[in-house]
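Here is data_30.cif, consisting of mmCIF, C-alpha atoms and all ligand atoms; chains and numbers go by the auth columns:
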```cif
data_target
loop_
_atom_site.group_PDB
_atom_site.id
_atom_site.type_symbol
_atom_site.label_atom_id
_atom_site.label_comp_id
_atom_site.label_asym_id
_atom_site.label_seq_id
_atom_site.Cartn_x
_atom_site.Cartn_y
_atom_site.Cartn_z
_atom_site.B_iso_or_equiv
_atom_site.auth_seq_id
_atom_site.auth_asym_id
ATOM 1 C CA MET A 1 114.623 88.478 136.290 0.00 13 A
ATOM 2 C CA GLU A 2 111.082 87.252 135.917 0.00 14 A
ATOM 3 C CA GLY A 3 110.246 90.273 133.811 0.00 15 A
ATOM 4 C CA GLU A 4 113.128 89.574 131.478 0.00 16 A
ATOM 5 C CA ASN A 5 111.976 86.029 130.918 0.00 17 A
ATOM 6 C CA MET A 6 108.475 87.186 130.125 0.00 18 A
ATOM 7 C CA ASN A 7 109.788 89.701 127.617 0.00 19 A
ATOM 8 C CA GLN A 8 111.626 87.053 125.685 0.00 20 A
ATOM 9 C CA ASP A 9 108.344 85.617 124.473 0.00 21 A
ATOM 10 C CA LYS A 10 107.126 88.978 123.343 0.00 22 A
ATOM 11 C CA ILE A 11 105.976 89.644 119.821 0.00 23 A
ATOM 12 C CA LEU A 12 107.011 92.692 117.808 0.00 24 A
ATOM 13 C CA VAL A 13 104.777 93.575 114.878 0.00 25 A
ATOM 14 C CA VAL A 14 106.615 95.675 112.283 0.00 26 A
ATOM 15 C CA TYR A 15 104.450 97.029 109.510 0.00 27 A
ATOM 16 C CA TYR A 16 103.878 99.525 106.772 0.00 28 A
ATOM 17 C CA SER A 17 100.443 100.573 105.563 0.00 29 A
ATOM 18 C CA TYR A 18 99.769 103.196 102.932 0.00 30 A
ATOM 19 C CA GLY A 19 95.979 102.999 102.795 0.00 31 A
ATOM 20 C CA GLY A 20 95.025 101.401 106.111 0.00 32 A
ATOM 21 C CA ASN A 21 94.298 97.778 105.150 0.00 33 A
ATOM 22 C CA THR A 22 97.469 96.350 106.649 0.00 34 A
ATOM 23 C CA GLU A 23 97.001 98.532 109.722 0.00 35 A
ATOM 24 C CA GLN A 24 93.502 97.117 110.170 0.00 36 A
ATOM 25 C CA ILE A 25 94.952 93.619 110.462 0.00 37 A
ATOM 26 C CA VAL A 26 97.696 94.856 112.807 0.00 38 A
ATOM 27 C CA ASN A 27 94.972 96.301 115.051 0.00 39 A
ATOM 28 C CA ARG A 28 93.376 92.903 115.092 0.00 40 A
ATOM 29 C CA ILE A 29 96.649 91.201 116.051 0.00 41 A
ATOM 30 C CA GLN A 30 96.966 93.710 118.918 0.00 42 A
ATOM 31 C CA LYS A 31 93.488 92.824 120.162 0.00 43 A
ATOM 32 C CA GLN A 32 94.170 89.104 120.067 0.00 44 A
ATOM 33 C CA LYS A 33 97.796 88.928 121.221 0.00 45 A
ATOM 34 C CA GLU A 34 100.020 90.815 123.569 0.00 46 A
ATOM 35 C CA CYS A 35 102.544 92.541 121.334 0.00 47 A
ATOM 36 C CA ASP A 36 104.428 95.728 120.628 0.00 48 A
ATOM 37 C CA VAL A 37 104.026 97.498 117.327 0.00 49 A
ATOM 38 C CA LEU A 38 106.479 99.415 115.162 0.00 50 A
ATOM 39 C CA LYS A 39 104.914 101.391 112.349 0.00 51 A
ATOM 40 C CA LEU A 40 107.405 102.123 109.594 0.00 52 A
ATOM 41 C CA GLU A 41 107.191 105.291 107.529 0.00 53 A
ATOM 42 C CA PRO A 42 109.202 106.595 104.599 0.00 54 A
ATOM 43 C CA LEU A 43 111.315 109.625 105.437 0.00 55 A
ATOM 44 C CA VAL A 44 109.801 111.437 102.463 0.00 56 A
ATOM 45 C CA PRO A 45 106.034 110.815 102.469 0.00 57 A
ATOM 46 C CA TYR A 46 104.461 109.280 99.380 0.00 58 A
ATOM 47 C CA THR A 47 101.967 111.259 97.332 0.00 59 A
ATOM 48 C CA ASN A 48 98.375 111.252 98.589 0.00 60 A
ATOM 49 C CA ASP A 49 97.186 110.551 95.065 0.00 61 A
ATOM 50 C CA TYR A 50 96.655 106.792 94.765 0.00 62 A
ATOM 51 C CA GLN A 51 96.878 106.580 90.986 0.00 63 A
ATOM 52 C CA THR A 52 100.062 108.657 90.897 0.00 64 A
ATOM 53 C CA LEU A 53 101.576 106.309 93.472 0.00 65 A
ATOM 54 C CA VAL A 54 100.559 103.228 91.486 0.00 66 A
ATOM 55 C CA ASP A 55 102.079 104.674 88.306 0.00 67 A
ATOM 56 C CA ASP A 56 105.268 105.889 90.022 0.00 68 A
ATOM 57 C CA GLU A 57 105.850 102.523 91.622 0.00 69 A
ATOM 58 C CA GLU A 58 105.165 100.663 88.393 0.00 70 A
ATOM 59 C CA SER A 59 108.063 102.506 86.813 0.00 71 A
ATOM 60 C CA LYS A 60 110.339 101.264 89.615 0.00 72 A
ATOM 61 C CA MET A 61 109.086 97.688 89.470 0.00 73 A
ATOM 62 C CA ASP A 62 111.813 95.013 89.480 0.00 74 A
ATOM 63 C CA GLN A 63 114.393 97.471 90.802 0.00 75 A
ATOM 64 C CA GLU A 64 114.187 96.174 94.377 0.00 76 A
ATOM 65 C CA GLU A 65 113.973 99.795 95.414 0.00 77 A
ATOM 66 C CA VAL A 66 115.287 100.857 98.812 0.00 78 A
ATOM 67 C CA ILE A 67 114.283 104.129 100.461 0.00 79 A
ATOM 68 C CA GLU A 68 115.203 106.056 103.564 0.00 80 A
ATOM 69 C CA LEU A 69 112.953 105.367 106.536 0.00 81 A
ATOM 70 C CA LYS A 70 111.807 107.820 109.159 0.00 82 A
ATOM 71 C CA PRO A 71 114.086 107.209 112.167 0.00 83 A
ATOM 72 C CA TYR A 72 112.713 104.833 114.811 0.00 84 A
ATOM 73 C CA GLU A 73 114.006 103.262 117.976 0.00 85 A
ATOM 74 C CA ILE A 74 113.569 99.617 118.689 0.00 86 A
ATOM 75 C CA ASP A 75 115.370 97.174 120.961 0.00 87 A
ATOM 76 C CA LEU A 76 115.055 93.939 119.037 0.00 88 A
ATOM 77 C CA SER A 77 116.722 91.931 121.784 0.00 89 A
ATOM 78 C CA LYS A 78 113.454 92.207 123.744 0.00 90 A
ATOM 79 C CA TYR A 79 111.592 90.078 121.233 0.00 91 A
ATOM 80 C CA SER A 80 111.823 86.457 120.200 0.00 92 A
ATOM 81 C CA LYS A 81 109.057 86.742 117.612 0.00 93 A
ATOM 82 C CA VAL A 82 108.659 89.268 114.825 0.00 94 A
ATOM 83 C CA VAL A 83 105.610 89.666 112.609 0.00 95 A
ATOM 84 C CA LEU A 84 106.130 91.605 109.377 0.00 96 A
ATOM 85 C CA GLY A 85 103.108 93.324 107.830 0.00 97 A
ATOM 86 C CA THR A 86 103.230 94.783 104.345 0.00 98 A
ATOM 87 C CA PRO A 87 100.976 95.449 101.391 0.00 99 A
ATOM 88 C CA VAL A 88 101.982 94.088 97.988 0.00 100 A
ATOM 89 C CA TRP A 89 103.197 96.703 95.540 0.00 101 A
ATOM 90 C CA TRP A 90 103.721 95.492 92.029 0.00 102 A
ATOM 91 C CA TYR A 91 103.910 91.818 92.941 0.00 103 A
ATOM 92 C CA THR A 92 106.306 92.152 95.856 0.00 104 A
ATOM 93 C CA MET A 93 106.774 93.807 99.255 0.00 105 A
ATOM 94 C CA THR A 94 106.817 97.581 99.647 0.00 106 A
ATOM 95 C CA PRO A 95 110.147 99.464 99.459 0.00 107 A
ATOM 96 C CA VAL A 96 109.542 100.456 103.098 0.00 108 A
ATOM 97 C CA MET A 97 109.538 96.824 104.246 0.00 109 A
ATOM 98 C CA ARG A 98 112.474 95.926 101.991 0.00 110 A
ATOM 99 C CA SER A 99 114.469 98.806 103.465 0.00 111 A
ATOM 100 C CA PHE A 100 113.695 97.615 106.991 0.00 112 A
ATOM 101 C CA LEU A 101 114.732 94.043 106.182 0.00 113 A
ATOM 102 C CA LYS A 102 117.968 95.208 104.533 0.00 114 A
ATOM 103 C CA GLN A 103 119.005 97.159 107.592 0.00 115 A
ATOM 104 C CA THR A 104 117.825 94.712 110.267 0.00 116 A
ATOM 105 C CA ASP A 105 119.358 91.447 111.379 0.00 117 A
ATOM 106 C CA LEU A 106 116.544 89.104 112.368 0.00 118 A
ATOM 107 C CA THR A 107 118.795 86.091 112.930 0.00 119 A
ATOM 108 C CA GLY A 108 117.480 83.951 115.762 0.00 120 A
ATOM 109 C CA LYS A 109 113.976 85.444 115.713 0.00 121 A
ATOM 110 C CA GLU A 110 110.867 83.496 114.798 0.00 122 A
ATOM 111 C CA VAL A 111 109.575 85.558 111.878 0.00 123 A
ATOM 112 C CA SER A 112 106.087 85.477 110.354 0.00 124 A
ATOM 113 C CA ALA A 113 104.671 87.572 107.529 0.00 125 A
ATOM 114 C CA MET A 114 101.236 89.088 107.001 0.00 126 A
ATOM 115 C CA ILE A 115 100.712 90.345 103.495 0.00 127 A
ATOM 116 C CA THR A 116 97.728 92.279 102.227 0.00 128 A
ATOM 117 C CA ASN A 117 96.931 92.635 98.554 0.00 129 A
ATOM 118 C CA GLY A 118 94.218 92.681 95.940 0.00 130 A
ATOM 119 C CA GLY A 119 94.736 89.078 94.913 0.00 131 A
ATOM 120 C CA TRP A 120 98.075 89.225 93.126 0.00 132 A
ATOM 121 C CA LEU A 121 100.659 88.161 95.654 0.00 133 A
ATOM 122 C CA GLY A 122 103.323 87.657 92.988 0.00 134 A
ATOM 123 C CA HIS A 123 106.786 86.854 94.356 0.00 135 A
ATOM 124 C CA THR A 124 106.321 88.710 97.670 0.00 136 A
ATOM 125 C CA LEU A 125 107.028 85.699 99.882 0.00 137 A
ATOM 126 C CA ASP A 126 110.027 84.602 97.846 0.00 138 A
ATOM 127 C CA GLU A 127 111.530 88.052 98.173 0.00 139 A
ATOM 128 C CA ILE A 128 110.939 88.249 101.935 0.00 140 A
ATOM 129 C CA LYS A 129 112.584 84.845 102.311 0.00 141 A
ATOM 130 C CA LYS A 130 115.766 86.246 100.747 0.00 142 A
ATOM 131 C CA TYR A 131 116.131 88.255 103.955 0.00 143 A
ATOM 132 C CA THR A 132 114.767 85.898 106.594 0.00 144 A
ATOM 133 C CA PRO A 133 113.308 82.427 106.920 0.00 145 A
ATOM 134 C CA LEU A 134 109.587 82.490 107.713 0.00 146 A
ATOM 135 C CA LYS A 135 107.838 80.365 110.289 0.00 147 A
ATOM 136 C CA SER A 136 104.451 81.166 108.822 0.00 148 A
ATOM 137 C CA SER A 137 102.705 83.599 106.524 0.00 149 A
ATOM 138 C CA ILE A 138 99.218 84.697 105.603 0.00 150 A
ATOM 139 C CA ASN A 139 97.972 86.238 102.406 0.00 151 A
ATOM 140 C CA ILE A 140 95.060 88.595 103.155 0.00 152 A
ATOM 141 C CA VAL A 141 93.003 89.807 100.237 0.00 153 A
ATOM 142 C CA PHE A 142 91.137 93.098 100.148 0.00 154 A
ATOM 143 C CA GLN A 143 89.026 94.413 97.285 0.00 155 A
ATOM 144 C CA GLU A 144 89.951 98.055 97.777 0.00 156 A
ATOM 145 C CA HIS A 145 89.056 98.310 101.475 0.00 157 A
ATOM 146 C CA ASP A 146 86.705 95.317 101.706 0.00 158 A
ATOM 147 C CA LEU A 147 88.202 92.314 103.422 0.00 159 A
ATOM 148 C CA GLU A 148 87.759 89.160 101.318 0.00 160 A
ATOM 149 C CA THR A 149 89.747 86.695 103.417 0.00 161 A
ATOM 150 C CA LYS A 150 87.634 84.997 106.087 0.00 162 A
ATOM 151 C CA GLN A 151 87.895 86.576 109.538 0.00 163 A
ATOM 152 C CA SER A 152 88.073 83.089 111.052 0.00 164 A
ATOM 153 C CA GLN A 153 91.131 82.237 108.936 0.00 165 A
ATOM 154 C CA ILE A 154 92.877 85.413 110.093 0.00 166 A
ATOM 155 C CA GLY A 155 91.967 84.783 113.733 0.00 167 A
ATOM 156 C CA GLU A 156 93.303 81.253 113.530 0.00 168 A
ATOM 157 C CA TRP A 157 96.591 82.406 112.034 0.00 169 A
ATOM 158 C CA ILE A 158 96.992 85.042 114.739 0.00 170 A
ATOM 159 C CA SER A 159 96.322 82.520 117.472 0.00 171 A
ATOM 160 C CA ARG A 160 99.254 80.427 116.222 0.00 172 A
ATOM 161 C CA LEU A 161 101.762 83.303 116.290 0.00 173 A
HETATM 162 C C1 LIG B . 101.653 101.053 94.280 0.00 201 B
HETATM 163 C C2 LIG B . 100.691 99.919 94.509 0.00 201 B
HETATM 164 C C3 LIG B . 100.908 98.701 93.874 0.00 201 B
HETATM 165 C C4 LIG B . 100.054 97.630 94.114 0.00 201 B
HETATM 166 N N1 LIG B . 100.347 96.426 93.524 0.00 201 B
HETATM 167 C C5 LIG B . 99.574 95.343 93.821 0.00 201 B
HETATM 168 C C6 LIG B . 99.910 94.047 93.285 0.00 201 B
HETATM 169 O O1 LIG B . 100.921 93.857 92.590 0.00 201 B
HETATM 170 N N2 LIG B . 99.091 93.014 93.601 0.00 201 B
HETATM 171 C C7 LIG B . 97.975 93.164 94.389 0.00 201 B
HETATM 172 O O2 LIG B . 97.272 92.197 94.625 0.00 201 B
HETATM 173 N N3 LIG B . 97.647 94.373 94.920 0.00 201 B
HETATM 174 C C8 LIG B . 98.428 95.453 94.667 0.00 201 B
HETATM 175 N N4 LIG B . 98.121 96.672 95.223 0.00 201 B
HETATM 176 C C9 LIG B . 96.981 96.752 96.171 0.00 201 B
HETATM 177 C C10 LIG B . 97.451 96.682 97.644 0.00 201 B
HETATM 178 O O3 LIG B . 98.376 95.643 97.843 0.00 201 B
HETATM 179 C C11 LIG B . 96.270 96.415 98.577 0.00 201 B
HETATM 180 O O4 LIG B . 95.252 97.347 98.369 0.00 201 B
HETATM 181 C C12 LIG B . 96.742 96.476 100.042 0.00 201 B
HETATM 182 O O5 LIG B . 95.787 95.860 100.877 0.00 201 B
HETATM 183 C C13 LIG B . 96.961 97.904 100.504 0.00 201 B
HETATM 184 O O6 LIG B . 97.380 97.910 101.850 0.00 201 B
HETATM 185 P P1 LIG B . 97.389 99.244 102.725 0.00 201 B
HETATM 186 O O7 LIG B . 95.984 99.781 102.703 0.00 201 B
HETATM 187 O O8 LIG B . 97.819 98.796 104.075 0.00 201 B
HETATM 188 O O9 LIG B . 98.361 100.172 102.094 0.00 201 B
HETATM 189 C C14 LIG B . 98.945 97.765 94.988 0.00 201 B
HETATM 190 C C15 LIG B . 98.723 99.014 95.592 0.00 201 B
HETATM 191 C C16 LIG B . 99.584 100.078 95.373 0.00 201 B
HETATM 192 C C17 LIG B . 99.354 101.378 96.068 0.00 201 B
#
```

In structure tokens, how does this file's structure come out?
Amino acid sequence: MEGENMNQDKILVVYYSYGGNTEQIVNRIQKQKECDVLKLEPLVPYTNDYQTLVDDEESKMDQEEVIELKPYEIDLSKYSKVVLGTPVWWYTMTPVMRSFLKQTDLTGKEVSAMITNGGWLGHTLDEIKKYTPLKSSINIVFQEHDLETKQSQIGEWISRL
């Protein structure tokens, strides 16, 4: 019984990271907070060529694209808090995160969002909020792989999760 009660406060971090920036922040959350992590992947891997990916995704911009995810197992009932982590692709969340949100009912969870990008957040938060209310969010800016957002700001946000 005691174990069950403890679990109810548990945090699940669900994320997608193509190039490692978002994963870097997830690693930091794991160091600072007790949590479980679910890494989402597309069923069909994206190209390794960054520029090809950028161009391909530009052509699908504004289509609210949904893709098939690699199968995963998760018991959401174990968690009261969910942290979503996604890069911004063409001013909104990645198709991987959108696909997860479309197929997952987060009703009753306390949901927060961690978004990494190069400075153009666009309508990412508005789109996420179509699927779930957010308790909090943080916009984390990288110039390529160099973190621009202050470490202290990130640490403070994590501590409030
Ligand atoms: C297809 C694609 C589209 C992107 N579009 C944007 C954008 O609209 N705004 C922005 O600030 N950064 C954009 N970026 C940059 C990423 O959001 C940023 O580098 C992010 O931190 C990458 O996270 P990751 O390393 O976890 O994949 C884009 C990157 C890719 C690959």

Using only C-alpha atoms, what table do you get, as a Markdown table, when you list each residue of segment 32-119 of chain A with an atom no more than 8 Å from segment 143-147 of chain A, its nearest pair of atoms, and their distance in Å rounded to one decimal, rows by chain then rising number?
```
| residue | atom | partner | partner_atom | distance |
| --- | --- | --- | --- | --- |
| A:Leu113 | CA | A:Tyr143 | CA | 6.4 |
| A:Lys114 | CA | A:Tyr143 | CA | 7.2 |
| A:Leu118 | CA | A:Thr144 | CA | 6.8 |
| A:Thr119 | CA | A:Thr144 | CA | 7.5 |
```

Got time to write the residues from that selection, C-alpha atoms, as a PDB file, keeping the file's coordinate frame?
```pdb
ATOM      1  CA  LEU A 113     114.732  94.043 106.182  1.00  0.00           C
ATOM      2  CA  LYS A 114     117.968  95.208 104.533  1.00  0.00           C
ATOM      3  CA  LEU A 118     116.544  89.104 112.368  1.00  0.00           C
ATOM      4  CA  THR A 119     118.795  86.091 112.930  1.00  0.00           C
TER       5      THR A 119
END
```

| field | Picked residues, the PyMOL selection byres (((chain A and resi 115) around 12) and not hetatm), as a PyMOL selection string | value | chain A and resi 78-81+108-114+116-118+143

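Between atom CA of Lys142 of chain A and atom CA of Lys22 of chain A there is a distance of 24.3 Å.
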
| query | What does the distance from atom C17 of ligand LIG 201 (chain B) to atom CA of Gln163 of chain A come to in Å, to one decimal? | reply | 23.1 Å

| query | So which one's closest to ligand LIG 201 (chain B), A:Val95, A:Leu173, A:Leu52, A:Val123? Using only C-alpha atoms and all ligand atoms, please. | reply |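 Closest residue, counting only C-alpha atoms and all ligand atoms: A:Leu52.
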
| Mind listing as a ChimeraX atom specification all residues within 6 Å of (102.8, 94.5, 102.7), counting only C-alpha atoms? | /A:97-100,105-106,127-128

| task | Please identify every polymer residue within 9 Å of ligand LIG 201 (chain B), using all atoms listed in the file, and present the set as a PyMOL selection string. | result | chain A and resi 27-37+62-70+97-106+127-134+152-157+159

Let me have the centre and edge lengths in Å, one decimal, of the box along x, y and z around every listed atom of segment 31-36 of chain A with 6 Å of margin on each side, as AutoDock Vina command-line options.
```
--center_x 95.5 --center_y 99.7 --center_z 106.5 --size_x 16.0 --size_y 18.6 --size_z 19.4
```

| Which one is closest to Asn39 of chain A: A:Leu88, A:Val94, A:Val26, A:Ile140? Count only C-alpha atoms. |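 Closest candidate: A:Val26.
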
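Remark: for Tyr84 of chain A, the closest of the candidate residues A:Leu96, A:Ile170, A:Val25, A:Leu55 is A:Leu55 (distances computed over all atoms listed in the file).
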
Expected residue set, 12 Å radius at (91.9, 86.0, 113.4), only C-alpha atoms, as a JSON list (two decimals) with C-alpha atoms, keeping the file's coordinate frame:
```
[["chain", "number", "residue", "atom", "x", "y", "z"],
["A", 36, "GLN", "CA", 93.50, 97.12, 110.17],
["A", 37, "ILE", "CA", 94.95, 93.62, 110.46],
["A", 38, "VAL", "CA", 97.70, 94.86, 112.81],
["A", 39, "ASN", "CA", 94.97, 96.30, 115.05],
["A", 40, "ARG", "CA", 93.38, 92.90, 115.09],
["A", 41, "ILE", "CA", 96.65, 91.20, 116.05],
["A", 42, "GLN", "CA", 96.97, 93.71, 118.92],
["A", 43, "LYS", "CA", 93.49, 92.82, 120.16],
["A", 44, "GLN", "CA", 94.17, 89.10, 120.07],
["A", 45, "LYS", "CA", 97.80, 88.93, 121.22],
["A", 126, "MET", "CA", 101.24, 89.09, 107.00],
["A", 150, "ILE", "CA", 99.22, 84.70, 105.60],
["A", 152, "ILE", "CA", 95.06, 88.60, 103.16],
["A", 161, "THR", "CA", 89.75, 86.70, 103.42],
["A", 162, "LYS", "CA", 87.63, 85.00, 106.09],
["A", 163, "GLN", "CA", 87.90, 86.58, 109.54],
["A", 164, "SER", "CA", 88.07, 83.09, 111.05],
["A", 165, "GLN", "CA", 91.13, 82.24, 108.94],
["A", 166, "ILE", "CA", 92.88, 85.41, 110.09],
["A", 167, "GLY", "CA", 91.97, 84.78, 113.73],
["A", 168, "GLU", "CA", 93.30, 81.25, 113.53],
["A", 169, "TRP", "CA", 96.59, 82.41, 112.03],
["A", 170, "ILE", "CA", 96.99, 85.04, 114.74],
["A", 171, "SER", "CA", 96.32, 82.52, 117.47],
["A", 172, "ARG", "CA", 99.25, 80.43, 116.22],
["A", 173, "LEU", "CA", 101.76, 83.30, 116.29]]
```

| message | Can you measure atom CA of Tyr91 of chain A to atom CA of Asp21 of chain A for me? One decimal in Å is fine. | response |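 For atom CA of Tyr91 of chain A relative to atom CA of Asp21 of chain A, the distance reads 6.4 Å.
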
| request: List the residues matched by the PyMOL selection byres (((chain A and resi 48) around 7) and not hetatm) in the displayed structure as a list in words, ordered by chain and then by residue number. | output: Ile23, Leu24, Val25, Cys47, Val49 and Leu50 of chain A

| request: Considering only C-alpha atoms, state which residue in the set A:His135, A:Lys82, A:Lys141, A:Lys90 is at the smallest distance from Pro57 of chain A. | output: A:Lys82
